[in-house]
>>> print(open('coords_30.cif').read())   # mmCIF, C-alpha atoms
data_model
#
loop_
_atom_site.group_PDB
_atom_site.id
_atom_site.type_symbol
_atom_site.label_atom_id
_atom_site.label_comp_id
_atom_site.auth_asym_id
_atom_site.auth_seq_id
_atom_site.Cartn_x
_atom_site.Cartn_y
_atom_site.Cartn_z
ATOM 1 C CA MET A 1 91.969 133.561 110.260
ATOM 2 C CA ARG A 2 92.536 130.350 108.320
ATOM 3 C CA VAL A 3 93.213 127.262 110.410
ATOM 4 C CA THR A 4 95.671 124.774 108.922
ATOM 5 C CA LYS A 5 94.747 121.122 109.271
ATOM 6 C CA LYS A 6 97.155 118.815 111.066
ATOM 7 C CA LYS A 7 98.875 116.378 108.690
ATOM 8 C CA LEU A 8 99.391 112.667 109.278
ATOM 9 C CA TRP A 9 101.658 110.567 107.067
ATOM 10 C CA ILE A 10 101.714 106.797 107.502
ATOM 11 C CA PHE A 11 104.484 104.563 106.112
ATOM 12 C CA CYS A 12 103.077 101.125 105.216
ATOM 13 C CA GLY A 13 105.853 98.630 104.504
ATOM 14 C CA SER A 14 104.236 95.260 105.242
ATOM 15 C CA ASP A 15 101.259 93.196 104.126
ATOM 16 C CA ASP A 16 101.299 91.187 107.375
ATOM 17 C CA PRO A 17 97.804 91.674 108.896
ATOM 18 C CA GLN A 18 99.302 92.763 112.240
ATOM 19 C CA LYS A 19 101.035 95.670 110.442
ATOM 20 C CA ALA A 20 98.690 96.248 107.482
ATOM 21 C CA ILE A 21 95.438 96.890 109.369
ATOM 22 C CA PRO A 22 96.483 99.424 112.071
ATOM 23 C CA PRO A 23 97.449 102.157 109.556
ATOM 24 C CA PHE A 24 93.850 102.246 108.345
ATOM 25 C CA MET A 25 92.496 102.370 111.891
ATOM 26 C CA PHE A 26 94.733 105.364 112.677
ATOM 27 C CA ALA A 27 93.881 106.952 109.320
ATOM 28 C CA SER A 28 90.137 106.619 110.002
ATOM 29 C CA GLY A 29 90.528 108.213 113.421
ATOM 30 C CA ALA A 30 92.628 111.057 112.051
ATOM 31 C CA LEU A 31 90.133 111.746 109.270
ATOM 32 C CA ALA A 32 87.345 111.843 111.868
ATOM 33 C CA MET A 33 89.440 114.494 113.652
ATOM 34 C CA ASP A 34 89.559 116.478 110.388
ATOM 35 C CA MET A 35 93.251 115.815 109.714
ATOM 36 C CA ASP A 36 94.876 115.497 106.289
ATOM 37 C CA VAL A 37 95.901 111.849 105.933
ATOM 38 C CA THR A 38 98.342 110.232 103.500
ATOM 39 C CA LEU A 39 99.334 106.563 103.492
ATOM 40 C CA PHE A 40 102.533 105.646 101.606
ATOM 41 C CA PHE A 41 102.921 102.008 100.529
ATOM 42 C CA THR A 42 106.294 100.469 99.729
ATOM 43 C CA MET A 43 108.039 97.087 99.747
ATOM 44 C CA ARG A 44 105.582 94.330 100.824
ATOM 45 C CA GLY A 45 103.108 97.068 101.749
ATOM 46 C CA LEU A 46 102.476 97.590 98.030
ATOM 47 C CA HIS A 47 100.432 94.369 98.077
ATOM 48 C CA ILE A 48 97.865 96.146 100.260
ATOM 49 C CA VAL A 49 97.032 98.472 97.350
ATOM 50 C CA GLU A 50 97.421 95.769 94.718
ATOM 51 C CA LYS A 51 94.079 95.005 93.060
ATOM 52 C CA GLY A 52 92.528 92.214 95.170
ATOM 53 C CA GLY A 53 95.305 92.462 97.767
ATOM 54 C CA ALA A 54 93.326 94.021 100.615
ATOM 55 C CA GLU A 55 90.690 91.295 100.367
ATOM 56 C CA LYS A 56 93.345 88.700 101.250
ATOM 57 C CA ILE A 57 94.472 90.494 104.425
ATOM 58 C CA ARG A 58 92.370 89.663 107.475
ATOM 59 C CA LEU A 59 92.791 88.996 111.189
ATOM 60 C CA ASP A 60 90.833 86.243 112.918
ATOM 61 C CA GLY A 61 87.774 87.710 114.601
ATOM 62 C CA GLU A 62 88.126 91.024 112.797
ATOM 63 C CA PRO A 63 84.696 92.623 112.247
ATOM 64 C CA GLN A 64 85.668 94.384 109.003
ATOM 65 C CA GLY A 65 88.032 93.296 106.302
ATOM 66 C CA LEU A 66 90.913 95.518 105.277
ATOM 67 C CA SER A 67 89.204 96.318 101.980
ATOM 68 C CA THR A 68 86.295 97.893 103.916
ATOM 69 C CA LEU A 69 88.662 99.992 106.041
ATOM 70 C CA MET A 70 90.579 101.077 102.938
ATOM 71 C CA ARG A 71 87.381 102.088 101.135
ATOM 72 C CA VAL A 72 86.286 104.205 104.129
ATOM 73 C CA VAL A 73 89.672 105.964 104.248
ATOM 74 C CA GLN A 74 89.489 106.739 100.522
ATOM 75 C CA GLU A 75 85.877 107.931 100.726
ATOM 76 C CA GLU A 76 86.748 110.255 103.625
ATOM 77 C CA GLY A 77 89.576 111.882 101.665
ATOM 78 C CA GLY A 78 92.651 109.911 102.671
ATOM 79 C CA ARG A 79 95.389 109.775 100.043
ATOM 80 C CA LEU A 80 97.009 106.467 99.103
ATOM 81 C CA ILE A 81 100.422 106.649 97.439
ATOM 82 C CA ALA A 82 102.145 103.587 95.960
ATOM 83 C CA CYS A 83 105.942 103.747 95.852
ATOM 84 C CA SER A 84 106.873 103.612 92.178
ATOM 85 C CA ALA A 85 110.497 102.749 93.040
ATOM 86 C CA PHE A 86 109.524 99.338 94.497
ATOM 87 C CA LEU A 87 106.863 98.200 92.019
ATOM 88 C CA ASP A 88 109.318 96.099 89.969
ATOM 89 C CA ALA A 89 110.917 94.604 93.084
ATOM 90 C CA GLU A 90 107.479 93.341 94.175
ATOM 91 C CA GLY A 91 106.583 92.067 90.701
ATOM 92 C CA LEU A 92 103.957 94.772 90.187
ATOM 93 C CA ARG A 93 103.114 97.344 87.518
ATOM 94 C CA GLU A 94 101.141 100.567 87.835
ATOM 95 C CA GLU A 95 98.067 98.901 86.318
ATOM 96 C CA ASP A 96 98.134 96.321 89.164
ATOM 97 C CA ILE A 97 97.448 99.061 91.743
ATOM 98 C CA ILE A 98 93.893 99.971 92.808
ATOM 99 C CA ASP A 99 92.020 102.885 91.319
ATOM 100 C CA GLY A 100 92.396 106.118 93.214
ATOM 101 C CA ALA A 101 95.955 105.440 94.367
ATOM 102 C CA GLU A 102 98.671 107.873 93.356
ATOM 103 C CA PHE A 103 102.299 107.083 92.583
ATOM 104 C CA GLY A 104 105.383 108.641 94.110
ATOM 105 C CA GLY A 105 108.924 107.832 95.080
ATOM 106 C CA VAL A 106 111.253 108.351 97.989
ATOM 107 C CA ALA A 107 111.254 112.134 97.571
ATOM 108 C CA THR A 108 107.441 112.143 97.730
ATOM 109 C CA PHE A 109 107.509 110.407 101.098
ATOM 110 C CA LEU A 110 110.347 112.489 102.510
ATOM 111 C CA ASN A 111 108.796 115.799 101.455
ATOM 112 C CA GLY A 112 105.431 114.786 102.903
ATOM 113 C CA ALA A 113 106.941 113.463 106.117
ATOM 114 C CA GLN A 114 108.961 116.632 106.556
ATOM 115 C CA GLU A 115 105.784 118.735 106.367
ATOM 116 C CA ALA A 116 103.675 116.368 108.488
ATOM 117 C CA ASP A 117 102.778 116.958 112.110
ATOM 118 C CA ILE A 118 102.756 113.213 112.785
ATOM 119 C CA VAL A 119 104.521 110.355 110.974
ATOM 120 C CA LEU A 120 103.712 106.744 111.816
ATOM 121 C CA THR A 121 105.513 103.677 110.466
ATOM 122 C CA PHE A 122 104.220 100.129 110.167
#
>>> encode(input="coords_30.cif", output="structure tokens")
Amino acid sequence: MRVTKKKLWIFCGSDDPQKAIPPFMFASGALAMDMDVTLFFTMRGLHIVEKGGAEKIRLDGEPQGLSTLMRVVQEEGGRLIACSAFLDAEGLREEDIIDGAEFGGVATFLNGAQEADIVLTF
């Protein structure tokens, strides 16, 4: 019998360190539990996946920078999706987004969230 993995979708709508870092902590934990993980970035959250953006986001006393956490999530199979509908509003273009990120719109998030076992928002 085939066992279906649990699915976690995380909505990332802010580049404030207090809201930008926890999604990657939860994503890392879920990947360690063998879950399928997708992070969806929109509004100010797009700056997390902007080239050079993660390096600028850090909490005082944090042992790892956000860029390290993001790299681990990608290496472990987490999907990163940048919201194409908000790129212009944030002054970004597709080429400004990091390698390995996918692009999708509102329907992408809603379809994924509808199929997910857990949806978190930050």
>>> closest_atom_pairs(input="coords_30.cif", of="segment 5-65 of chain A", to="segment 81-91 of chain A", cutoff="6 Å", atoms="all atoms listed in the file", output="JSON lines")
{"residue": "A:Phe40", "atom": "CA", "partner": "A:Ile81", "partner_atom": "CA", "distance": 4.8}
{"residue": "A:Phe41", "atom": "CA", "partner": "A:Ala82", "partner_atom": "CA", "distance": 4.9}
{"residue": "A:Thr42", "atom": "CA", "partner": "A:Cys83", "partner_atom": "CA", "distance": 5.1}
{"residue": "A:Met43", "atom": "CA", "partner": "A:Phe86", "partner_atom": "CA", "distance": 5.9}
>>> resolve_selection(input="coords_30.cif", expression="the PyMOL selection byres ((chain A and resi 22-38) around 9)", output="count of residues only")
30
>>> atom_distance(input="coords_30.cif", atom1="atom CA of Arg58 of chain A", atom2="atom CA of Asp117 of chain A")
29.6 Å
>>> atom_distance(input="coords_30.cif", atom1="atom CA of Asp16 of chain A", atom2="atom CA of Thr108 of chain A")
23.9 Å
>>> atom_distance(input="coords_30.cif", atom1="atom CA of Asp96 of chain A", atom2="atom CA of Gln74 of chain A")
17.7 Å
>>> closest_residue(input="coords_30.cif", among="A:Ile48, A:Ala113, A:Leu59, A:Val3", to="Ile97 of chain A", atoms="all atoms listed in the file")
A:Ile48
>>> closest_residue(input="coords_30.cif", among="A:Glu55, A:Glu50, A:Ser14, A:Gly45", to="Glu95 of chain A", atoms="all atoms listed in the file")
A:Glu50
>>> decode(input="coords_30.cif", residues="segment 33-64 of chain A", atoms="N, CA and C atoms", output="PDB file, in the first residue's frame")
ATOM      1  N   MET A  33      10.338  15.525   8.863  1.00  0.00           N
ATOM      2  CA  MET A  33       9.266  14.564   9.137  1.00  0.00           C
ATOM      3  C   MET A  33       8.742  13.932   7.845  1.00  0.00           C
ATOM      4  N   ASP A  34       9.467  14.154   6.751  1.00  0.00           N
ATOM      5  CA  ASP A  34       9.142  13.580   5.446  1.00  0.00           C
ATOM      6  C   ASP A  34       7.824  14.099   4.884  1.00  0.00           C
ATOM      7  N   MET A  35       7.531  15.374   5.109  1.00  0.00           N
ATOM      8  CA  MET A  35       6.344  16.001   4.536  1.00  0.00           C
ATOM      9  C   MET A  35       6.712  16.700   3.234  1.00  0.00           C
ATOM     10  N   ASP A  36       5.730  16.881   2.352  1.00  0.00           N
ATOM     11  CA  ASP A  36       5.890  17.732   1.179  1.00  0.00           C
ATOM     12  C   ASP A  36       5.693  19.165   1.644  1.00  0.00           C
ATOM     13  N   VAL A  37       6.632  20.047   1.296  1.00  0.00           N
ATOM     14  CA  VAL A  37       6.585  21.425   1.784  1.00  0.00           C
ATOM     15  C   VAL A  37       6.642  22.406   0.613  1.00  0.00           C
ATOM     16  N   THR A  38       5.726  23.368   0.631  1.00  0.00           N
ATOM     17  CA  THR A  38       5.710  24.450  -0.355  1.00  0.00           C
ATOM     18  C   THR A  38       5.577  25.767   0.383  1.00  0.00           C
ATOM     19  N   LEU A  39       6.444  26.716   0.045  1.00  0.00           N
ATOM     20  CA  LEU A  39       6.357  28.074   0.590  1.00  0.00           C
ATOM     21  C   LEU A  39       5.954  29.000  -0.550  1.00  0.00           C
ATOM     22  N   PHE A  40       4.927  29.821  -0.326  1.00  0.00           N
ATOM     23  CA  PHE A  40       4.393  30.735  -1.331  1.00  0.00           C
ATOM     24  C   PHE A  40       4.674  32.162  -0.869  1.00  0.00           C
ATOM     25  N   PHE A  41       5.377  32.923  -1.691  1.00  0.00           N
ATOM     26  CA  PHE A  41       5.822  34.272  -1.332  1.00  0.00           C
ATOM     27  C   PHE A  41       5.044  35.308  -2.124  1.00  0.00           C
ATOM     28  N   THR A  42       4.452  36.270  -1.414  1.00  0.00           N
ATOM     29  CA  THR A  42       3.695  37.326  -2.064  1.00  0.00           C
ATOM     30  C   THR A  42       3.866  38.629  -1.281  1.00  0.00           C
ATOM     31  N   MET A  43       3.428  39.706  -1.860  1.00  0.00           N
ATOM     32  CA  MET A  43       3.558  41.046  -1.274  1.00  0.00           C
ATOM     33  C   MET A  43       5.005  41.263  -0.822  1.00  0.00           C
ATOM     34  N   ARG A  44       5.217  41.799   0.380  1.00  0.00           N
ATOM     35  CA  ARG A  44       6.588  42.062   0.867  1.00  0.00           C
ATOM     36  C   ARG A  44       7.389  40.769   1.027  1.00  0.00           C
ATOM     37  N   GLY A  45       6.717  39.650   1.154  1.00  0.00           N
ATOM     38  CA  GLY A  45       7.399  38.366   1.252  1.00  0.00           C
ATOM     39  C   GLY A  45       8.205  38.018   0.012  1.00  0.00           C
ATOM     40  N   LEU A  46       7.873  38.627  -1.124  1.00  0.00           N
ATOM     41  CA  LEU A  46       8.649  38.387  -2.344  1.00  0.00           C
ATOM     42  C   LEU A  46      10.111  38.787  -2.178  1.00  0.00           C
ATOM     43  N   HIS A  47      10.380  39.746  -1.293  1.00  0.00           N
ATOM     44  CA  HIS A  47      11.761  40.205  -1.096  1.00  0.00           C
ATOM     45  C   HIS A  47      12.628  39.147  -0.403  1.00  0.00           C
ATOM     46  N   ILE A  48      11.996  38.152   0.200  1.00  0.00           N
ATOM     47  CA  ILE A  48      12.743  37.035   0.775  1.00  0.00           C
ATOM     48  C   ILE A  48      13.403  36.231  -0.336  1.00  0.00           C
ATOM     49  N   VAL A  49      12.690  36.030  -1.449  1.00  0.00           N
ATOM     50  CA  VAL A  49      13.226  35.242  -2.560  1.00  0.00           C
ATOM     51  C   VAL A  49      13.823  36.116  -3.661  1.00  0.00           C
ATOM     52  N   GLU A  50      13.930  37.405  -3.395  1.00  0.00           N
ATOM     53  CA  GLU A  50      14.648  38.293  -4.309  1.00  0.00           C
ATOM     54  C   GLU A  50      16.141  37.982  -4.180  1.00  0.00           C
ATOM     55  N   LYS A  51      16.857  37.995  -5.286  1.00  0.00           N
ATOM     56  CA  LYS A  51      18.301  37.742  -5.232  1.00  0.00           C
ATOM     57  C   LYS A  51      18.934  38.712  -4.240  1.00  0.00           C
ATOM     58  N   GLY A  52      19.656  38.187  -3.255  1.00  0.00           N
ATOM     59  CA  GLY A  52      20.296  38.996  -2.217  1.00  0.00           C
ATOM     60  C   GLY A  52      19.372  39.398  -1.082  1.00  0.00           C
ATOM     61  N   GLY A  53      18.089  39.113  -1.193  1.00  0.00           N
ATOM     62  CA  GLY A  53      17.122  39.536  -0.181  1.00  0.00           C
ATOM     63  C   GLY A  53      17.255  38.796   1.134  1.00  0.00           C
ATOM     64  N   ALA A  54      17.428  37.487   1.079  1.00  0.00           N
ATOM     65  CA  ALA A  54      17.515  36.690   2.310  1.00  0.00           C
ATOM     66  C   ALA A  54      18.735  37.069   3.140  1.00  0.00           C
ATOM     67  N   GLU A  55      19.793  37.487   2.485  1.00  0.00           N
ATOM     68  CA  GLU A  55      21.014  37.868   3.209  1.00  0.00           C
ATOM     69  C   GLU A  55      20.802  39.104   4.078  1.00  0.00           C
ATOM     70  N   LYS A  56      19.822  39.923   3.736  1.00  0.00           N
ATOM     71  CA  LYS A  56      19.542  41.155   4.473  1.00  0.00           C
ATOM     72  C   LYS A  56      18.622  40.930   5.674  1.00  0.00           C
ATOM     73  N   ILE A  57      18.023  39.747   5.766  1.00  0.00           N
ATOM     74  CA  ILE A  57      17.033  39.478   6.811  1.00  0.00           C
ATOM     75  C   ILE A  57      17.685  38.657   7.912  1.00  0.00           C
ATOM     76  N   ARG A  58      17.786  39.254   9.106  1.00  0.00           N
ATOM     77  CA  ARG A  58      18.472  38.593  10.211  1.00  0.00           C
ATOM     78  C   ARG A  58      17.919  39.113  11.535  1.00  0.00           C
ATOM     79  N   LEU A  59      17.829  38.216  12.504  1.00  0.00           N
ATOM     80  CA  LEU A  59      17.468  38.600  13.873  1.00  0.00           C
ATOM     81  C   LEU A  59      18.738  38.704  14.705  1.00  0.00           C
ATOM     82  N   ASP A  60      18.759  39.616  15.655  1.00  0.00           N
ATOM     83  CA  ASP A  60      19.899  39.710  16.567  1.00  0.00           C
ATOM     84  C   ASP A  60      20.063  38.397  17.326  1.00  0.00           C
ATOM     85  N   GLY A  61      21.277  37.901  17.383  1.00  0.00           N
ATOM     86  CA  GLY A  61      21.563  36.682  18.117  1.00  0.00           C
ATOM     87  C   GLY A  61      21.186  35.408  17.388  1.00  0.00           C
ATOM     88  N   GLU A  62      20.728  35.536  16.172  1.00  0.00           N
ATOM     89  CA  GLU A  62      20.327  34.359  15.390  1.00  0.00           C
ATOM     90  C   GLU A  62      21.574  33.590  14.943  1.00  0.00           C
ATOM     91  N   PRO A  63      21.616  32.271  15.182  1.00  0.00           N
ATOM     92  CA  PRO A  63      22.809  31.504  14.833  1.00  0.00           C
ATOM     93  C   PRO A  63      23.016  31.338  13.330  1.00  0.00           C
ATOM     94  N   GLN A  64      21.933  31.252  12.572  1.00  0.00           N
ATOM     95  CA  GLN A  64      22.024  31.103  11.119  1.00  0.00           C
ATOM     96  C   GLN A  64      21.260  32.229  10.451  1.00  0.00           C
TER      97      GLN A  64
END
